[in-house]
Each structure stands twice: as C-alpha cells, then as structure tokens.
Amino acid sequence: MLSGMAPPRFVNWARNHRVRVLARHEPEGEDAVAALVRDVAARGERLRVVGAGHSWSGAAVPDQHLVSLDRHAGVVAIDPDARRVTVRAGTRLRDLVPVLDAAGLALENLGSIAEQSVAGAIATGTHGTGLGHGVLATQVVGMRLVTADGGVRVLDEAGGDDLLDAARVSLGALGVVTEVTLRVREAFDLEETSWSLPLEDAARELPDIARAHEHVKLWWLPHTKRAQVYAFAPTSAPRGGRSRLAERLDAALNRTAFPAILGLGRAAPRAVPALNRLVAASYFKAGSRVDRSDRVFNVAMPPRHLEMEYGLPVDAAGDALLAMRDLIERGRLKVGFVQEVRFVAADACHLSPASGRESCQLGAYVGRCRDADAFFRAFEHMALDRDGRPHWGKLFSADAATLAPRYPRWERFQALRRELDPAGVFSSAFTRRVFGPG
C-alpha cells in the first residue's frame, strides 16, 4: 500500500457491514491461492474469502486480509453422462445456469436469487425450497480445499471420512474452497401455481402443504390477513403464463416502485399497514405459469433490505408463523416487507440448518426502518425458543453457547476446524463469536 493511501474497504450488498482491511487480494488460480494462504499464515495474520458479499451476517466480513475469488471463476468441466459439473469457486450461480442450460442440464434446486458465488452459497447453507431437496451444498459431490498450511485437500464422496460433509457448509472456517463439483440433472421446466388463503388456515396446513408439493413457499405481508402460496412442479407442458416483458416489468418495479413504497413507510410508519394491504391486493392473486426451472426458482432482485432467518422443526412451522404475526401486533411494529416460509430436506452436513432433521426456514425480512432492531430481537427470541437454527448468511446474534447444543455434529466440526486451522488463519470476529475463541 502506498504511503498516504486509505486501506482497502469491504462493503457487503446490504451495506450493513463496512470495514477497513490490511489488504485486498484477487488470486487467479489455485497455486496463487495456496501461496497467499502460506504467506498470510507465516505472518501470523488472518484472511477471509468474501464471495459476492450477499451475506447479511458477518460470515464473509474480513478483519485483516480480504480475498476475492472473482478472478478464479468459470466452468472447468461438464460431464453430461455422469451428470456432474466442476466449477472454480468464484463462479456466480447466475453465470453457471446458462452454461448448464446450453448443455441440456440444470441444478436440481436453486434459491430466490443467483447473484452469489458457488462457494459462498454452499458455505452459508443457502437453499431453495422443497422437503425432497437439501440445501444447495447437498448437491456438492467433490471439492478442492486449500488448508491453513497451504496444502490442497481433494474431497469426494468416496473419501471414507466426514470431511466433505463438514466442508460443504463450513463458513469458510476450514480453508479456501477453490473448486467444486456439483451433481446436476437434465434441464427441466417448472409449472408454478399460486393461490392465497387466510393466514390461520395456512399456518394450520403448513406441514401438509409442504409434503403435498415438490417445491413450495409461502409469502405473508404483515398487517394483512391472507398468505400467498407458490407451488412448483416439473412439467412437460408448453411454456407460458408470463412473458419476458412481464418479467422485465417486475424487475423494473423492484428497482423503482418497491423502494419508493419502503421509503414512504420509513418516512410515515403509520402508513405501513395500508401500504401492505395495497401491495397484497395487487400481487397476491391466483395464477400459474410454466418456464425454465431457474426462472421459476429465482425472483426479481429486491431492493436493499435486511434479513434474518431461522430453520425450525417442520411441525413447529405453523405455530412460529402465527407467533411472528403476534409479536408484530403486540409490539406495534411496522414491518413493510414480505415474510417467507420455505422447506428443506434433512441432511448430514455438520453445520447445515437441516442437519439431521427436516427444516422449515422462516424468514423475517424488513427494509431499513425504526422497528427493524425490535422486530429482529423478538423474532430471534421466538425462533430460539422453538429449537431454531440460524441461516449463517443472515442476521443473528446467537453465540457458541447457544448454538452448540442445536447441531448433532457440532463438536466433530470443531475438532476438524482445530485440526485443519490450529492457528486460526481463517478466523474472524464472526467465527470467534459463533465457534468461541478456541
């Protein structure tokens, strides 16, 4: 760094984290990554890979060396017969999807947006929805991991140990992922069917709704009495029901009208209930469409906002949804953003929100407003009372003492972390809070 120059800065997408760091690095190639890790370790310093910066939590926030893998991106190989794709870790999901489609392939499940890097999405337990489908990390069948000594570990399902299950959702605490091999399937279309029903009915029927559809999510706007259900199913029916023009219009509204509504609610909180009812009446309607799978899984990029999400036992889903409504009403909180319910299959990943159990993922979302902190405090207390586990990439305040009893393989992950990174090269303020100082 030249004398007099300000140190590099990291700012995440939501702009709720802004930090200065010692240096920013953009290695190109695994050898460059390994050399960087050795150099940082020799200095007794720490590094974090930031991915695309789409975490609301501090998971990707560095406190010394910032590492971006944007120059270490792209598809390495596609094997259509084995249904496998190998990508460099910095590859964005949005760039991978069209390459797969051109090869007649697709990821079996996706989340609501595709802006994240592949490595970042899997490391934080990012997920789509459907009780027959795990978090995105469960599609990982192989991985290359640069550990704290600069060596490279090649992980695959035939490895004979549980390191791959630990590394699939690792919060970047085991090393730098440089390459990922994902299981894919033949390209497919989805039919989306949507309908609304009273919130109380939706809460009562949530487990049945989740098991009746391969992919299903629920949206609810606070201060309204009805919820909207979206169910997706593979189909061979002709595409239709929504034009590309409508999709572009939806994206434009998210860039312009939605921020304006959030701004109005922030300036005049008393108007939030009426604004929510107006939005619900305009958008929460019965409908259907057929389109390419990723276009149905993904939604238009929303305006900047804050998110907290907890994974709960599926049988607790309905009670938790109504408890969310009650804490908003009881606290007279003005929440002008959609709340979301999704579902994830049980898995064996040590730190997955669905580790060892099926999960209902209940998302608390809000624009920047005076009630945001009070809403999140109340929501997190409610979720923890129901054996909740936080989404690692979203806001939460729970620490190691609270988190450890909630994951059946927590101690095993901790042992692997101490083995692979004894000096804490990959640690940060976030990992020290989540895992403890050891």
# chains A, B, ... in the order shown; residues from 1 in each chain; ligands from 1
$ residues_around --residues "Ala148 in chain A" --least-positions-apart "4" --cutoff "8 Å" --atoms "only C-alpha atoms" --output "list in words"
Val37, Arg38, Ala41, Leu174, Gly175, Leu420, Asp421, Val425 and Phe426 of chain A
$ residues_around --residues "Ala202 in chain A" --least-positions-apart "2" --cutoff "9 Å" --atoms "only C-alpha atoms" --output "PDB file with N, CA and C atoms, in the first residue's frame"
ATOM      1  N   SER A 196     -54.014 -17.804  -2.680  1.00  0.00           N
ATOM      2  CA  SER A 196     -53.984 -17.220  -1.341  1.00  0.00           C
ATOM      3  C   SER A 196     -55.008 -17.914  -0.452  1.00  0.00           C
ATOM      4  N   LEU A 197     -54.774 -17.823   0.851  1.00  0.00           N
ATOM      5  CA  LEU A 197     -55.700 -18.372   1.834  1.00  0.00           C
ATOM      6  C   LEU A 197     -55.504 -17.624   3.146  1.00  0.00           C
ATOM      7  N   PRO A 198     -56.494 -17.679   4.049  1.00  0.00           N
ATOM      8  CA  PRO A 198     -56.342 -16.981   5.326  1.00  0.00           C
ATOM      9  C   PRO A 198     -55.083 -17.441   6.062  1.00  0.00           C
ATOM     10  N   LEU A 199     -54.430 -16.516   6.735  1.00  0.00           N
ATOM     11  CA  LEU A 199     -53.177 -16.833   7.406  1.00  0.00           C
ATOM     12  C   LEU A 199     -53.342 -17.968   8.407  1.00  0.00           C
ATOM     13  N   GLU A 200     -54.427 -17.962   9.177  1.00  0.00           N
ATOM     14  CA  GLU A 200     -54.638 -19.033  10.162  1.00  0.00           C
ATOM     15  C   GLU A 200     -54.740 -20.397   9.489  1.00  0.00           C
ATOM     16  N   ARG A 204     -52.092 -23.616   9.926  1.00  0.00           N
ATOM     17  CA  ARG A 204     -52.569 -24.943  10.327  1.00  0.00           C
ATOM     18  C   ARG A 204     -52.180 -26.008   9.303  1.00  0.00           C
ATOM     19  N   GLU A 205     -52.179 -25.638   8.042  1.00  0.00           N
ATOM     20  CA  GLU A 205     -51.964 -26.609   6.972  1.00  0.00           C
ATOM     21  C   GLU A 205     -50.512 -26.679   6.487  1.00  0.00           C
ATOM     22  N   LEU A 206     -49.609 -25.876   7.073  1.00  0.00           N
ATOM     23  CA  LEU A 206     -48.251 -25.782   6.537  1.00  0.00           C
ATOM     24  C   LEU A 206     -47.562 -27.130   6.345  1.00  0.00           C
ATOM     25  N   ILE A 209     -49.144 -28.841   3.378  1.00  0.00           N
ATOM     26  CA  ILE A 209     -48.818 -28.143   2.135  1.00  0.00           C
ATOM     27  C   ILE A 209     -47.398 -28.479   1.709  1.00  0.00           C
ATOM     28  N   LEU A 218     -44.198 -19.920   0.941  1.00  0.00           N
ATOM     29  CA  LEU A 218     -45.335 -19.100   1.369  1.00  0.00           C
ATOM     30  C   LEU A 218     -44.837 -17.698   1.654  1.00  0.00           C
ATOM     31  N   ARG A 226     -54.106 -12.548   4.886  1.00  0.00           N
ATOM     32  CA  ARG A 226     -54.009 -13.690   3.992  1.00  0.00           C
ATOM     33  C   ARG A 226     -52.549 -13.938   3.608  1.00  0.00           C
ATOM     34  N   ALA A 227     -52.267 -15.185   3.302  1.00  0.00           N
ATOM     35  CA  ALA A 227     -50.931 -15.580   2.856  1.00  0.00           C
ATOM     36  C   ALA A 227     -51.017 -16.071   1.416  1.00  0.00           C
ATOM     37  N   GLN A 228     -49.897 -15.994   0.712  1.00  0.00           N
ATOM     38  CA  GLN A 228     -49.819 -16.441  -0.670  1.00  0.00           C
ATOM     39  C   GLN A 228     -48.912 -17.653  -0.756  1.00  0.00           C
ATOM     40  N   VAL A 229     -49.411 -18.721  -1.383  1.00  0.00           N
ATOM     41  CA  VAL A 229     -48.647 -19.958  -1.558  1.00  0.00           C
ATOM     42  C   VAL A 229     -48.208 -20.069  -3.008  1.00  0.00           C
ATOM     43  N   GLY A 318     -46.183 -23.804  11.648  1.00  0.00           N
ATOM     44  CA  GLY A 318     -47.410 -23.021  11.737  1.00  0.00           C
ATOM     45  C   GLY A 318     -47.474 -22.181  12.993  1.00  0.00           C
TER      46      GLY A 318
END
$ select_by_dssp --residues "range 35-139 of chain A" --states "strand (DSSP E)" --output "PyMOL selection string"
chain A and resi 47-49+65-67+75-79+84-88+105-106
$ write_last_selection --atoms "C-alpha atoms" --output "PDB file, in the first residue's frame"
ATOM      1  CA  LEU A  47      -7.821 -13.954   5.838  1.00  0.00           C
ATOM      2  CA  ARG A  48     -11.439 -14.326   4.752  1.00  0.00           C
ATOM      3  CA  VAL A  49     -12.909 -15.041   1.330  1.00  0.00           C
ATOM      4  CA  HIS A  65      -6.910  -9.804   4.638  1.00  0.00           C
ATOM      5  CA  LEU A  66      -9.804  -9.733   2.167  1.00  0.00           C
ATOM      6  CA  VAL A  67      -9.718 -12.392  -0.543  1.00  0.00           C
ATOM      7  CA  VAL A  75     -16.607 -23.840 -15.603  1.00  0.00           C
ATOM      8  CA  VAL A  76     -13.784 -26.398 -15.558  1.00  0.00           C
ATOM      9  CA  ALA A  77     -15.638 -29.415 -16.963  1.00  0.00           C
ATOM     10  CA  ILE A  78     -19.118 -30.740 -17.696  1.00  0.00           C
ATOM     11  CA  ASP A  79     -19.808 -34.483 -17.742  1.00  0.00           C
ATOM     12  CA  ARG A  84     -21.582 -33.588 -12.990  1.00  0.00           C
ATOM     13  CA  VAL A  85     -20.207 -30.075 -13.437  1.00  0.00           C
ATOM     14  CA  THR A  86     -16.938 -28.815 -11.968  1.00  0.00           C
ATOM     15  CA  VAL A  87     -16.534 -25.067 -11.440  1.00  0.00           C
ATOM     16  CA  ARG A  88     -13.996 -22.734  -9.901  1.00  0.00           C
ATOM     17  CA  LEU A 105     -28.538 -29.630 -17.830  1.00  0.00           C
ATOM     18  CA  ALA A 106     -29.689 -27.785 -14.715  1.00  0.00           C
TER      19      ALA A 106
END
$ select_by_dssp --residues "range 98-294 of chain A" --states "helix (DSSP H, G or I)" --output "mmCIF file with C-alpha atoms, in the first residue's frame"
data_model
loop_
_atom_site.group_PDB
_atom_site.id
_atom_site.type_symbol
_atom_site.label_atom_id
_atom_site.label_comp_id
_atom_site.auth_asym_id
_atom_site.auth_seq_id
_atom_site.Cartn_x
_atom_site.Cartn_y
_atom_site.Cartn_z
ATOM 1 C CA PRO A 98 -26.962 -20.579 -18.737
ATOM 2 C CA VAL A 99 -23.850 -22.715 -19.363
ATOM 3 C CA LEU A 100 -25.647 -25.725 -17.932
ATOM 4 C CA ASP A 101 -28.787 -24.962 -19.916
ATOM 5 C CA ALA A 102 -26.780 -24.849 -23.145
ATOM 6 C CA VAL A 118 -20.940 -21.035 -5.777
ATOM 7 C CA ALA A 119 -18.528 -21.343 -2.837
ATOM 8 C CA GLY A 120 -20.280 -18.620 -0.833
ATOM 9 C CA ALA A 121 -23.727 -20.089 -1.378
ATOM 10 C CA ILE A 122 -22.737 -23.542 -0.186
ATOM 11 C CA ALA A 123 -20.594 -22.296 2.720
ATOM 12 C CA LEU A 136 -27.521 -26.222 -2.181
ATOM 13 C CA ALA A 137 -24.458 -27.747 -0.507
ATOM 14 C CA THR A 138 -26.021 -31.213 -0.684
ATOM 15 C CA GLN A 139 -25.533 -31.049 -4.484
ATOM 16 C CA LEU A 163 -14.599 -34.065 5.894
ATOM 17 C CA LEU A 164 -16.710 -33.414 2.804
ATOM 18 C CA ASP A 165 -19.852 -33.178 4.955
ATOM 19 C CA ALA A 166 -18.038 -30.689 7.179
ATOM 20 C CA ALA A 167 -16.655 -28.660 4.268
ATOM 21 C CA ARG A 168 -19.955 -28.449 2.409
ATOM 22 C CA LEU A 199 -53.177 -16.833 7.406
ATOM 23 C CA GLU A 200 -54.638 -19.033 10.162
ATOM 24 C CA ASP A 201 -55.528 -21.719 7.608
ATOM 25 C CA ALA A 202 -52.074 -21.503 6.056
ATOM 26 C CA ALA A 203 -50.408 -21.913 9.463
ATOM 27 C CA ARG A 204 -52.569 -24.943 10.327
ATOM 28 C CA GLU A 205 -51.964 -26.609 6.972
ATOM 29 C CA LEU A 206 -48.251 -25.782 6.537
ATOM 30 C CA PRO A 207 -46.837 -29.301 7.108
ATOM 31 C CA ASP A 208 -49.446 -30.812 4.775
ATOM 32 C CA ILE A 209 -48.818 -28.143 2.135
ATOM 33 C CA ALA A 210 -45.070 -28.776 2.358
ATOM 34 C CA ARG A 211 -45.500 -32.518 1.823
ATOM 35 C CA ALA A 212 -48.039 -32.181 -0.972
ATOM 36 C CA ARG A 244 -40.390 -11.846 -20.744
ATOM 37 C CA LEU A 245 -41.847 -8.326 -20.883
ATOM 38 C CA ALA A 246 -43.745 -9.031 -17.664
ATOM 39 C CA GLU A 247 -40.547 -10.296 -16.045
ATOM 40 C CA ARG A 248 -38.665 -7.157 -17.077
ATOM 41 C CA LEU A 249 -41.514 -5.026 -15.757
ATOM 42 C CA ASP A 250 -41.402 -6.902 -12.462
ATOM 43 C CA ALA A 251 -37.667 -6.268 -12.208
ATOM 44 C CA ALA A 252 -38.201 -2.579 -13.002
ATOM 45 C CA LEU A 253 -40.863 -2.305 -10.300
ATOM 46 C CA ASN A 254 -38.467 -3.871 -7.796
ATOM 47 C CA ARG A 255 -35.881 -1.243 -8.726
ATOM 48 C CA ALA A 257 -41.744 1.247 -7.069
ATOM 49 C CA PHE A 258 -40.794 -1.105 -4.231
ATOM 50 C CA PRO A 259 -38.004 1.162 -2.887
ATOM 51 C CA ALA A 260 -40.415 4.089 -3.106
ATOM 52 C CA ILE A 261 -43.004 2.193 -1.042
ATOM 53 C CA LEU A 262 -40.354 1.239 1.528
ATOM 54 C CA GLY A 263 -39.202 4.852 1.672
ATOM 55 C CA LEU A 264 -42.749 6.064 2.228
ATOM 56 C CA GLY A 265 -43.222 3.537 5.019
ATOM 57 C CA ARG A 266 -39.955 4.625 6.627
ATOM 58 C CA ALA A 267 -40.982 8.295 6.498
ATOM 59 C CA PRO A 269 -44.641 4.347 9.672
ATOM 60 C CA ARG A 270 -48.362 4.644 10.331
ATOM 61 C CA ALA A 271 -48.932 4.172 6.606
ATOM 62 C CA VAL A 272 -47.219 0.736 6.510
ATOM 63 C CA PRO A 273 -50.335 -1.406 7.203
ATOM 64 C CA ALA A 274 -52.292 0.360 4.460
ATOM 65 C CA LEU A 275 -49.364 0.091 2.039
ATOM 66 C CA ASN A 276 -49.017 -3.626 2.771
ATOM 67 C CA ARG A 277 -52.705 -4.216 2.138
ATOM 68 C CA LEU A 278 -52.423 -2.352 -1.162
ATOM 69 C CA VAL A 279 -49.415 -4.418 -2.268
ATOM 70 C CA ALA A 280 -51.070 -7.689 -1.210
ATOM 71 C CA ALA A 281 -54.267 -6.836 -3.101
ATOM 72 C CA SER A 282 -52.223 -6.023 -6.212
ATOM 73 C CA TYR A 283 -49.856 -9.001 -6.250
ATOM 74 C CA SER A 293 -36.607 -24.102 -13.850
ATOM 75 C CA ASP A 294 -34.189 -21.356 -12.818
#
$ closest_residue --among "A:Phe435, A:Tyr365, A:Tyr310, A:Trp56" --to "Gly388 in chain A" --atoms "only C-alpha atoms"
A:Tyr310
$ residues_around --residues "Phe337 in chain A" --least-positions-apart "3" --cutoff "9 Å" --atoms "only C-alpha atoms" --output "PyMOL selection string"
chain A and resi 220-222+262+276+305+364-367
$ write_last_selection --atoms "N, CA and C atoms" --output "mmCIF file, in the first residue's frame"
data_model
loop_
_atom_site.group_PDB
_atom_site.id
_atom_site.type_symbol
_atom_site.label_atom_id
_atom_site.label_comp_id
_atom_site.auth_asym_id
_atom_site.auth_seq_id
_atom_site.Cartn_x
_atom_site.Cartn_y
_atom_site.Cartn_z
ATOM 1 N N TRP A 220 -46.055 -13.880 3.241
ATOM 2 C CA TRP A 220 -47.074 -13.154 4.025
ATOM 3 C C TRP A 220 -46.585 -11.728 4.259
ATOM 4 N N LEU A 221 -47.467 -10.772 4.009
ATOM 5 C CA LEU A 221 -47.181 -9.378 4.313
ATOM 6 C C LEU A 221 -47.782 -9.035 5.670
ATOM 7 N N PRO A 222 -46.974 -8.603 6.630
ATOM 8 C CA PRO A 222 -47.518 -8.214 7.937
ATOM 9 C C PRO A 222 -48.635 -7.185 7.785
ATOM 10 N N LEU A 262 -41.116 1.399 0.282
ATOM 11 C CA LEU A 262 -40.354 1.239 1.528
ATOM 12 C C LEU A 262 -39.961 2.593 2.099
ATOM 13 N N ASN A 276 -49.101 -2.168 2.905
ATOM 14 C CA ASN A 276 -49.017 -3.626 2.771
ATOM 15 C C ASN A 276 -50.298 -4.209 2.197
ATOM 16 N N HIS A 305 -32.342 -4.500 1.672
ATOM 17 C CA HIS A 305 -33.137 -4.685 2.873
ATOM 18 C C HIS A 305 -32.340 -5.559 3.831
ATOM 19 N N ALA A 364 -37.514 -13.600 8.297
ATOM 20 C CA ALA A 364 -38.004 -12.300 8.757
ATOM 21 C C ALA A 364 -37.252 -11.224 7.980
ATOM 22 N N TYR A 365 -37.960 -10.498 7.148
ATOM 23 C CA TYR A 365 -37.342 -9.519 6.263
ATOM 24 C C TYR A 365 -37.919 -8.135 6.534
ATOM 25 N N VAL A 366 -37.082 -7.115 6.402
ATOM 26 C CA VAL A 366 -37.555 -5.758 6.671
ATOM 27 C C VAL A 366 -36.656 -4.757 5.952
ATOM 28 N N GLY A 367 -37.267 -3.669 5.479
ATOM 29 C CA GLY A 367 -36.470 -2.563 4.981
ATOM 30 C C GLY A 367 -35.879 -1.812 6.166
#
$ closest_residue --among "A:Asp149, A:Asp373, A:Asp326, A:Asp319" --to "Leu306 in chain A" --atoms "only C-alpha atoms"
A:Asp373
$ atom_distance --atom1 "CA of Val296 in chain A" --atom2 "CA of Asp315 in chain A"
26.8 Å
$ closest_residue --among "A:Ala35, A:Ala187, A:Cys369, A:Val11" --to "Gly51 in chain A" --atoms "only C-alpha atoms"
A:Val11
